[in-house]
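A.B. asks: Below is the file target_38.cif, which contains mmCIF, C-alpha atoms.
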```cif
data_query
#
loop_
_atom_site.group_PDB
_atom_site.id
_atom_site.type_symbol
_atom_site.label_atom_id
_atom_site.label_comp_id
_atom_site.auth_asym_id
_atom_site.auth_seq_id
_atom_site.Cartn_x
_atom_site.Cartn_y
_atom_site.Cartn_z
ATOM 1 C CA MET F 194 0.947 55.486 -31.106
ATOM 2 C CA GLU F 195 -1.591 56.721 -28.578
ATOM 3 C CA ASN F 196 -1.393 54.820 -25.282
ATOM 4 C CA GLN F 197 -4.442 56.327 -23.540
ATOM 5 C CA GLY F 198 -8.177 55.845 -23.998
ATOM 6 C CA GLY F 199 -10.219 52.921 -25.197
ATOM 7 C CA SER F 200 -10.145 50.768 -28.316
ATOM 8 C CA GLY F 201 -11.203 53.716 -30.488
ATOM 9 C CA SER F 202 -8.130 55.761 -29.617
ATOM 10 C CA SER F 203 -5.421 53.662 -27.973
ATOM 11 C CA GLY F 204 -3.134 52.142 -30.577
ATOM 12 C CA SER F 205 -4.964 53.729 -33.504
ATOM 13 C CA HIS F 206 -4.014 57.423 -33.324
ATOM 14 C CA TRP F 207 -0.847 59.474 -33.033
ATOM 15 C CA GLU F 208 0.338 60.071 -29.460
ATOM 16 C CA ARG F 209 -0.934 63.475 -28.281
ATOM 17 C CA LYS F 210 2.267 64.202 -26.324
ATOM 18 C CA TYR F 211 4.256 64.109 -29.569
ATOM 19 C CA PHE F 212 1.649 65.247 -32.134
ATOM 20 C CA LEU F 213 -0.520 67.768 -30.264
ATOM 21 C CA ASN F 214 -2.721 69.138 -33.059
ATOM 22 C CA GLU F 215 -2.091 66.569 -35.777
ATOM 23 C CA PHE F 216 -5.305 65.440 -37.441
ATOM 24 C CA MET F 217 -4.675 61.806 -36.492
ATOM 25 C CA THR F 218 -4.590 62.374 -32.717
ATOM 26 C CA ALA F 219 -7.519 61.017 -30.715
ATOM 27 C CA SER F 220 -9.507 64.272 -30.498
ATOM 28 C CA THR F 221 -9.795 67.531 -32.399
ATOM 29 C CA PHE F 222 -8.163 70.925 -31.985
ATOM 30 C CA ARG F 223 -9.080 74.286 -33.447
ATOM 31 C CA ASP F 224 -5.919 74.190 -35.589
ATOM 32 C CA ASN F 225 -5.712 70.526 -36.648
ATOM 33 C CA ARG F 226 -2.998 69.765 -39.197
ATOM 34 C CA VAL F 227 -2.480 66.920 -41.660
ATOM 35 C CA SER F 228 1.268 66.443 -41.367
ATOM 36 C CA ILE F 229 3.738 64.596 -43.524
ATOM 37 C CA PHE F 230 3.584 61.811 -40.912
ATOM 38 C CA THR F 231 -0.081 61.106 -41.638
ATOM 39 C CA LEU F 232 0.460 61.292 -45.376
ATOM 40 C CA ALA F 233 3.341 58.811 -45.074
ATOM 41 C CA LEU F 234 1.121 56.495 -43.015
ATOM 42 C CA LEU F 235 -1.629 56.645 -45.637
ATOM 43 C CA ASP F 236 0.903 56.045 -48.396
ATOM 44 C CA SER F 237 2.421 53.047 -46.592
ATOM 45 C CA THR F 238 -0.935 51.261 -46.282
ATOM 46 C CA GLY F 239 -1.150 50.759 -50.043
ATOM 47 C CA TRP F 240 -4.814 51.780 -49.936
ATOM 48 C CA TYR F 241 -4.140 55.132 -51.557
ATOM 49 C CA TYR F 242 -2.789 55.235 -55.086
ATOM 50 C CA ASP F 243 -0.980 58.533 -55.268
ATOM 51 C CA VAL F 244 -0.551 60.393 -51.968
ATOM 52 C CA ASP F 245 0.262 64.037 -52.654
ATOM 53 C CA TYR F 246 2.928 64.958 -50.099
ATOM 54 C CA SER F 247 2.715 68.607 -51.145
ATOM 55 C CA MET F 248 -0.583 68.707 -49.238
ATOM 56 C CA ALA F 249 1.213 68.282 -45.894
ATOM 57 C CA GLU F 250 0.542 71.250 -43.651
ATOM 58 C CA PRO F 251 3.267 72.932 -41.588
ATOM 59 C CA PHE F 252 3.706 71.117 -38.285
ATOM 60 C CA VAL F 253 5.825 72.751 -35.585
ATOM 61 C CA TRP F 254 5.003 70.865 -32.360
ATOM 62 C CA GLY F 255 8.334 69.417 -31.200
ATOM 63 C CA LYS F 256 10.161 70.800 -34.220
ATOM 64 C CA ASP F 257 13.963 70.791 -33.849
ATOM 65 C CA ALA F 258 13.759 69.153 -30.393
ATOM 66 C CA GLY F 259 15.537 66.033 -31.621
ATOM 67 C CA CYS F 260 15.267 62.549 -30.177
ATOM 68 C CA ARG F 261 15.109 63.953 -26.631
ATOM 69 C CA PHE F 262 11.508 64.971 -27.339
ATOM 70 C CA PHE F 263 10.556 61.303 -27.727
ATOM 71 C CA GLU F 264 12.917 59.824 -25.166
ATOM 72 C CA GLU F 265 12.503 62.112 -22.152
ATOM 73 C CA LYS F 266 9.519 62.995 -20.030
ATOM 74 C CA CYS F 267 7.749 66.246 -20.765
ATOM 75 C CA TYR F 268 7.982 67.430 -17.158
ATOM 76 C CA ASP F 269 10.665 67.177 -14.462
ATOM 77 C CA SER F 270 9.052 66.302 -11.109
ATOM 78 C CA GLU F 271 12.143 67.315 -9.158
ATOM 79 C CA THR F 272 12.611 70.824 -10.583
ATOM 80 C CA MET F 273 8.861 71.274 -11.269
ATOM 81 C CA THR F 274 9.601 72.569 -14.759
ATOM 82 C CA ALA F 275 8.794 71.473 -18.284
ATOM 83 C CA ASN F 276 11.615 69.813 -20.190
ATOM 84 C CA PHE F 277 10.593 71.360 -23.527
ATOM 85 C CA PRO F 278 9.106 74.729 -24.535
ATOM 86 C CA GLU F 279 5.994 73.011 -25.918
ATOM 87 C CA PHE F 280 4.957 72.268 -22.336
ATOM 88 C CA CYS F 281 4.309 74.681 -19.466
ATOM 89 C CA ASP F 282 5.556 74.817 -15.881
ATOM 90 C CA VAL F 283 2.851 76.029 -13.492
ATOM 91 C CA LEU F 284 -0.641 74.565 -13.760
ATOM 92 C CA GLY F 285 -3.432 77.080 -14.151
ATOM 93 C CA THR F 286 -1.209 79.988 -15.229
ATOM 94 C CA GLU F 287 -2.260 81.983 -18.256
ATOM 95 C CA GLY F 288 -0.233 82.230 -21.418
ATOM 96 C CA CYS F 289 -0.475 81.565 -25.142
ATOM 97 C CA SER F 290 -1.067 78.428 -27.150
ATOM 98 C CA TYR F 291 2.007 76.897 -28.830
ATOM 99 C CA ASN F 292 1.251 78.709 -32.116
ATOM 100 C CA ARG F 293 0.503 82.058 -30.414
ATOM 101 C CA ARG F 294 -2.975 82.081 -31.935
ATOM 102 C CA GLU F 295 -4.949 81.714 -28.710
ATOM 103 C CA GLN F 296 -5.018 82.924 -25.150
ATOM 104 C CA ALA F 297 -4.649 79.823 -23.007
ATOM 105 C CA TYR F 298 -4.096 78.264 -19.583
ATOM 106 C CA CYS F 299 -1.489 75.743 -18.467
ATOM 107 C CA GLY F 300 -2.818 72.197 -18.172
ATOM 108 C CA ASN F 301 -5.977 72.693 -16.173
ATOM 109 C CA VAL F 302 -7.893 74.935 -13.851
ATOM 110 C CA GLY F 303 -9.221 73.551 -10.590
ATOM 111 C CA TYR F 304 -6.533 70.877 -10.115
ATOM 112 C CA PRO F 305 -8.584 67.679 -10.459
ATOM 113 C CA VAL F 306 -7.022 64.479 -9.116
ATOM 114 C CA ASP F 307 -7.211 60.854 -10.204
ATOM 115 C CA LYS F 308 -5.928 58.276 -7.708
ATOM 116 C CA SER F 309 -5.705 55.715 -10.547
ATOM 117 C CA LEU F 310 -3.197 57.888 -12.443
ATOM 118 C CA ASN F 311 -0.289 55.930 -13.880
ATOM 119 C CA PRO F 312 2.641 56.608 -11.487
ATOM 120 C CA GLU F 313 4.826 57.405 -14.511
ATOM 121 C CA PHE F 314 2.632 60.467 -15.180
ATOM 122 C CA ASN F 315 2.229 61.619 -11.553
ATOM 123 C CA TYR F 316 4.493 64.626 -12.132
ATOM 124 C CA TRP F 317 3.226 66.697 -9.170
ATOM 125 C CA LYS F 318 3.266 63.706 -6.774
ATOM 126 C CA ASN F 319 -0.331 64.348 -5.733
ATOM 127 C CA PHE F 320 -2.294 62.648 -8.561
ATOM 128 C CA THR F 321 -3.153 65.978 -10.232
ATOM 129 C CA ILE F 322 -4.284 65.499 -13.815
ATOM 130 C CA VAL F 323 -4.467 67.871 -16.777
ATOM 131 C CA ASN F 324 -7.645 68.312 -18.825
ATOM 132 C CA ASP F 325 -6.404 66.198 -21.736
ATOM 133 C CA HIS F 326 -6.324 62.501 -20.921
ATOM 134 C CA TYR F 327 -4.494 61.748 -24.200
ATOM 135 C CA SER F 328 -1.418 63.854 -23.329
ATOM 136 C CA ASP F 329 0.251 61.461 -20.869
ATOM 137 C CA ASN F 330 -0.561 64.147 -18.282
ATOM 138 C CA CYS F 331 1.864 66.565 -19.961
ATOM 139 C CA PRO F 332 0.848 70.175 -19.234
ATOM 140 C CA TYR F 333 0.596 72.427 -22.282
ATOM 141 C CA TYR F 334 -1.181 75.724 -22.831
ATOM 142 C CA ARG F 335 -4.785 74.826 -23.689
ATOM 143 C CA ALA F 336 -6.792 77.473 -25.500
ATOM 144 C CA TYR F 337 -9.752 79.127 -23.809
ATOM 145 C CA TYR F 338 -12.940 78.509 -25.794
ATOM 146 C CA ASN F 339 -13.101 82.250 -26.502
ATOM 147 C CA GLY F 340 -9.346 82.866 -26.691
ATOM 148 C CA ASP F 341 -8.874 82.705 -30.476
ATOM 149 C CA CYS F 342 -7.057 85.911 -31.434
ATOM 150 C CA TRP F 343 -8.188 85.535 -35.058
ATOM 151 C CA ASN F 344 -11.891 85.554 -34.150
ATOM 152 C CA VAL F 345 -13.126 89.154 -34.257
ATOM 153 C CA ASP F 346 -16.203 88.121 -32.231
ATOM 154 C CA ASN F 347 -13.884 87.810 -29.211
ATOM 155 C CA LYS F 348 -13.120 91.556 -29.231
ATOM 156 C CA ASN F 349 -15.842 92.219 -26.657
ATOM 157 C CA ILE F 350 -14.324 89.715 -24.262
ATOM 158 C CA GLY F 351 -10.815 91.209 -24.183
ATOM 159 C CA GLN F 352 -9.447 92.387 -20.857
ATOM 160 C CA VAL F 353 -6.650 94.651 -22.086
ATOM 161 C CA ALA F 354 -7.637 98.029 -23.507
ATOM 162 C CA GLU F 355 -5.655 97.761 -26.736
ATOM 163 C CA GLU F 356 -6.376 94.147 -27.670
ATOM 164 C CA LYS F 357 -6.988 93.645 -31.379
ATOM 165 C CA TYR F 358 -8.576 90.569 -32.918
ATOM 166 C CA GLY F 359 -8.323 89.450 -36.529
ATOM 167 C CA TYR F 360 -6.435 87.232 -38.942
ATOM 168 C CA ASP F 361 -3.149 89.079 -38.368
ATOM 169 C CA SER F 362 -3.359 89.042 -34.548
ATOM 170 C CA ALA F 363 -1.261 86.935 -32.196
ATOM 171 C CA CYS F 364 -1.051 86.190 -28.492
ATOM 172 C CA PHE F 365 1.891 87.565 -26.509
ATOM 173 C CA THR F 366 2.882 87.353 -22.876
ATOM 174 C CA GLY F 367 5.018 89.709 -20.879
ATOM 175 C CA THR F 368 5.535 91.378 -17.549
ATOM 176 C CA LEU F 369 4.931 95.002 -18.442
ATOM 177 C CA GLY F 370 2.007 95.891 -16.204
ATOM 178 C CA TYR F 371 -0.212 92.839 -16.831
ATOM 179 C CA SER F 372 0.023 89.271 -15.613
ATOM 180 C CA TYR F 373 -2.148 87.625 -18.268
ATOM 181 C CA ALA F 374 -2.050 86.888 -21.984
ATOM 182 C CA ALA F 375 -3.279 89.414 -24.508
ATOM 183 C CA SER F 376 -3.631 89.499 -28.293
ATOM 184 C CA TYR F 377 -2.239 92.291 -30.450
#
```
Once more with this new file: its structure as structure tokens, please.
C.D. replies:
Amino acid sequence: MENQGGSGSSGSHWERKYFLNEFMTASTFRDNRVSIFTLALLDSTGWYYDVDYSMAEPFVWGKDAGCRFFEEKCYDSETMTANFPEFCDVLGTEGCSYNRREQAYCGNVGYPVDKSLNPEFNYWKNFTIVNDHYSDNCPYYRAYYNGDCWNVDNKNIGQVAEEKYGYDSACFTGTLGYSYAASY
């Protein structure tokens, strides 16, 4: 369960670190999903007569990572690298969201600090915090507000000459001539 925030989020939502875009996390995402976990929770309450598990949406955050995903930290302070591919290494770098739908940035931009940060989450040893206070300070690629590759209205914002936006577009990163994310 969520361990951050006030009484409206802490203890009453799924933990963001483990369930990034699940509908029952403490805040919304562009691509929220109702997973089998939420349906099982609803079913177990006894308040719902016939929960239709076929309505569960695909959920890939942490998929196939095993128990390590829940037992280990998301980031290694000694090597300065993420312990799982769902998380990113260098704050502020550009890349793609976990589902390759959006152009994104790692953790935060501007490197804000919070001296009251729980020492367990002080991964960079300087009180730097990411822009999602529900993530246990785990850095992941956060979508730019105008980075949705499926939104054709973003075509005028693109920085790479051949970027294409639409329902069949995706975000890719590479090192061939450009140092930022692009959608194709």
A.B. asks: Pick out the residues sitting within 10 Å of F:Phe216, and hand them over as a ChimeraX atom specification; count only C-alpha atoms, and ignore anything fewer than 4 positions along from it in its own chain.
C.D. replies: /F:206-207,212,220-222,224-228,231
A.B. asks: Could you state which residues are captured by the PyMOL selection byres ((chain F and resi 269) around 12) in this file, as a PDB file with C-alpha atoms, in the coordinates of the input?
C.D. replies:
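Wrote it out as out_23.pdb, contents follow:
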```
ATOM      1  CA  GLU F 265      12.503  62.112 -22.152  1.00  0.00           C
ATOM      2  CA  LYS F 266       9.519  62.995 -20.030  1.00  0.00           C
ATOM      3  CA  CYS F 267       7.749  66.246 -20.765  1.00  0.00           C
ATOM      4  CA  TYR F 268       7.982  67.430 -17.158  1.00  0.00           C
ATOM      5  CA  SER F 270       9.052  66.302 -11.109  1.00  0.00           C
ATOM      6  CA  GLU F 271      12.143  67.315  -9.158  1.00  0.00           C
ATOM      7  CA  THR F 272      12.611  70.824 -10.583  1.00  0.00           C
ATOM      8  CA  MET F 273       8.861  71.274 -11.269  1.00  0.00           C
ATOM      9  CA  THR F 274       9.601  72.569 -14.759  1.00  0.00           C
ATOM     10  CA  ALA F 275       8.794  71.473 -18.284  1.00  0.00           C
ATOM     11  CA  ASN F 276      11.615  69.813 -20.190  1.00  0.00           C
ATOM     12  CA  PHE F 277      10.593  71.360 -23.527  1.00  0.00           C
ATOM     13  CA  PHE F 280       4.957  72.268 -22.336  1.00  0.00           C
ATOM     14  CA  CYS F 281       4.309  74.681 -19.466  1.00  0.00           C
ATOM     15  CA  ASP F 282       5.556  74.817 -15.881  1.00  0.00           C
ATOM     16  CA  VAL F 283       2.851  76.029 -13.492  1.00  0.00           C
ATOM     17  CA  GLU F 313       4.826  57.405 -14.511  1.00  0.00           C
ATOM     18  CA  PHE F 314       2.632  60.467 -15.180  1.00  0.00           C
ATOM     19  CA  ASN F 315       2.229  61.619 -11.553  1.00  0.00           C
ATOM     20  CA  TYR F 316       4.493  64.626 -12.132  1.00  0.00           C
ATOM     21  CA  TRP F 317       3.226  66.697  -9.170  1.00  0.00           C
ATOM     22  CA  LYS F 318       3.266  63.706  -6.774  1.00  0.00           C
ATOM     23  CA  CYS F 331       1.864  66.565 -19.961  1.00  0.00           C
ATOM     24  CA  PRO F 332       0.848  70.175 -19.234  1.00  0.00           C
TER      25      PRO F 332
END
```
A.B. asks: What is the atom CA of F:Cys260-atom CA of F:Cys289 distance in Å, reported with one decimal?
C.D. replies: 25.2 Å
A.B. asks: Could you name the residues that touch stretch 242-259 of chain F at 8 Å or less, counting all atoms listed in the file, but leaving out those on the same chain fewer than 4 positions away, as a ChimeraX atom specification?
C.D. replies: /F:211-215,226-229,232-233,235-236,263,277,279,291
A.B. asks: Given the choices F:Arg293, F:Met194, F:Met217, F:Phe230, which gets closest to F:Thr366 if the distance is worked out from all atoms listed in the file?
C.D. replies: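 Using all atoms listed in the file, the shortest distance to F:Thr366 belongs to F:Arg293.
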A.B. asks: Around (-4.9, 63.2, -12.3), as given in the file, which residues come within 7 Å? Count only C-alpha atoms and list them as a PDB file with C-alpha atoms, in the coordinates of the input.
C.D. replies:
```
ATOM      1  CA  PRO F 305      -8.584  67.679 -10.459  1.00  0.00           C
ATOM      2  CA  VAL F 306      -7.022  64.479  -9.116  1.00  0.00           C
ATOM      3  CA  ASP F 307      -7.211  60.854 -10.204  1.00  0.00           C
ATOM      4  CA  LYS F 308      -5.928  58.276  -7.708  1.00  0.00           C
ATOM      5  CA  LEU F 310      -3.197  57.888 -12.443  1.00  0.00           C
ATOM      6  CA  PHE F 320      -2.294  62.648  -8.561  1.00  0.00           C
ATOM      7  CA  THR F 321      -3.153  65.978 -10.232  1.00  0.00           C
ATOM      8  CA  ILE F 322      -4.284  65.499 -13.815  1.00  0.00           C
ATOM      9  CA  VAL F 323      -4.467  67.871 -16.777  1.00  0.00           C
TER      10      VAL F 323
END
```
A.B. asks: One decimal, in Å: what's the spacing between atom CA of F:Ala363 and atom CA of F:Arg294?
C.D. replies: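 According to the coordinates, atom CA of F:Ala363 and atom CA of F:Arg294 are separated by 5.2 Å.
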A.B. asks: Just the number, please: distance in Å from atom CA of F:Gly204 to atom CA of F:Tyr333, one decimal.
C.D. replies: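 Those two atoms sit 22.2 Å apart.
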A.B. asks: Let me have the centre and edge lengths of the axis-aligned box enclosing all listed atoms of stretch 326-334 of chain F with 6 Å padding on every side, in Å to one decimal, as lines of an AutoDock Vina configuration file.
C.D. replies:
```
center_x = -2.2
center_y = 68.6
center_z = -21.2
size_x = 20.2
size_y = 26.3
size_z = 17.9
```
A.B. asks: Any idea what's packed within 7 Å of F:Ala297, counting only C-alpha atoms, ignoring anything in its chain fewer than 5 positions away? Could you give it as a VMD selection string?
C.D. replies: chain F and resid 287 to 290 334 to 337 340
A.B. asks: Considering all atoms listed in the file, state which residue in the set F:Ser205, F:Thr238, F:Asn344, F:Ser328 is at the smallest distance from F:Glu295.
C.D. replies: F:Asn344
A.B. asks: Between F:Lys348, F:Tyr327, F:Tyr338, F:Asn319, which is the closest to F:Gln197 once you count only C-alpha atoms?
C.D. replies: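 The answer is F:Tyr327, which sits nearest to F:Gln197.
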A.B. asks: Specify as a VMD selection string each residue included when the PyMOL selection byres ((chain F and resi 343) around 8) is applied to this file.
C.D. replies: chain F and resid 294 341 to 342 344 to 345 358 to 363
A.B. asks: Reconstruct N, CA and C atoms of stretch 310-327 of chain F from the incomplete input and present them as a compact mmCIF listing (two decimals), keeping the file's coordinate frame.
C.D. replies:
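Output file result_16.txt follows:
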```
# COMPACT_ATOMS: atom_id res chain seq x y z
N LEU F 310 -4.18 57.37 -11.49
CA LEU F 310 -3.20 57.89 -12.44
C LEU F 310 -1.96 57.00 -12.49
N ASN F 311 -1.51 56.70 -13.69
CA ASN F 311 -0.29 55.93 -13.88
C ASN F 311 0.85 56.64 -13.14
N PRO F 312 1.56 55.96 -12.25
CA PRO F 312 2.64 56.61 -11.49
C PRO F 312 3.69 57.29 -12.37
N GLU F 313 3.87 56.80 -13.58
CA GLU F 313 4.83 57.40 -14.51
C GLU F 313 4.44 58.83 -14.88
N PHE F 314 3.14 59.15 -14.81
CA PHE F 314 2.63 60.47 -15.18
C PHE F 314 2.23 61.31 -13.97
N ASN F 315 2.58 60.90 -12.77
CA ASN F 315 2.23 61.62 -11.55
C ASN F 315 3.30 62.68 -11.27
N TYR F 316 3.41 63.64 -12.17
CA TYR F 316 4.49 64.63 -12.13
C TYR F 316 4.49 65.49 -10.87
N TRP F 317 3.32 65.80 -10.33
CA TRP F 317 3.23 66.70 -9.17
C TRP F 317 3.15 65.92 -7.86
N LYS F 318 3.21 64.60 -7.94
CA LYS F 318 3.27 63.71 -6.77
C LYS F 318 2.02 63.78 -5.89
N ASN F 319 0.91 64.26 -6.49
CA ASN F 319 -0.33 64.35 -5.73
C ASN F 319 -1.54 63.90 -6.57
N PHE F 320 -1.28 63.19 -7.67
CA PHE F 320 -2.29 62.65 -8.56
C PHE F 320 -3.06 63.71 -9.35
N THR F 321 -2.52 64.93 -9.43
CA THR F 321 -3.15 65.98 -10.23
C THR F 321 -3.11 65.58 -11.70
N ILE F 322 -4.22 65.82 -12.39
CA ILE F 322 -4.28 65.50 -13.82
C ILE F 322 -4.60 66.76 -14.62
N VAL F 323 -4.14 66.78 -15.86
CA VAL F 323 -4.47 67.87 -16.78
C VAL F 323 -5.77 67.53 -17.49
N ASN F 324 -6.34 68.49 -18.19
CA ASN F 324 -7.64 68.31 -18.82
C ASN F 324 -7.61 67.57 -20.15
N ASP F 325 -6.50 66.95 -20.49
CA ASP F 325 -6.40 66.20 -21.74
C ASP F 325 -5.88 64.81 -21.40
N HIS F 326 -6.76 63.83 -21.35
CA HIS F 326 -6.32 62.50 -20.92
C HIS F 326 -5.55 61.74 -22.01
N TYR F 327 -5.32 62.36 -23.17
CA TYR F 327 -4.49 61.75 -24.20
C TYR F 327 -3.05 62.25 -24.17
```
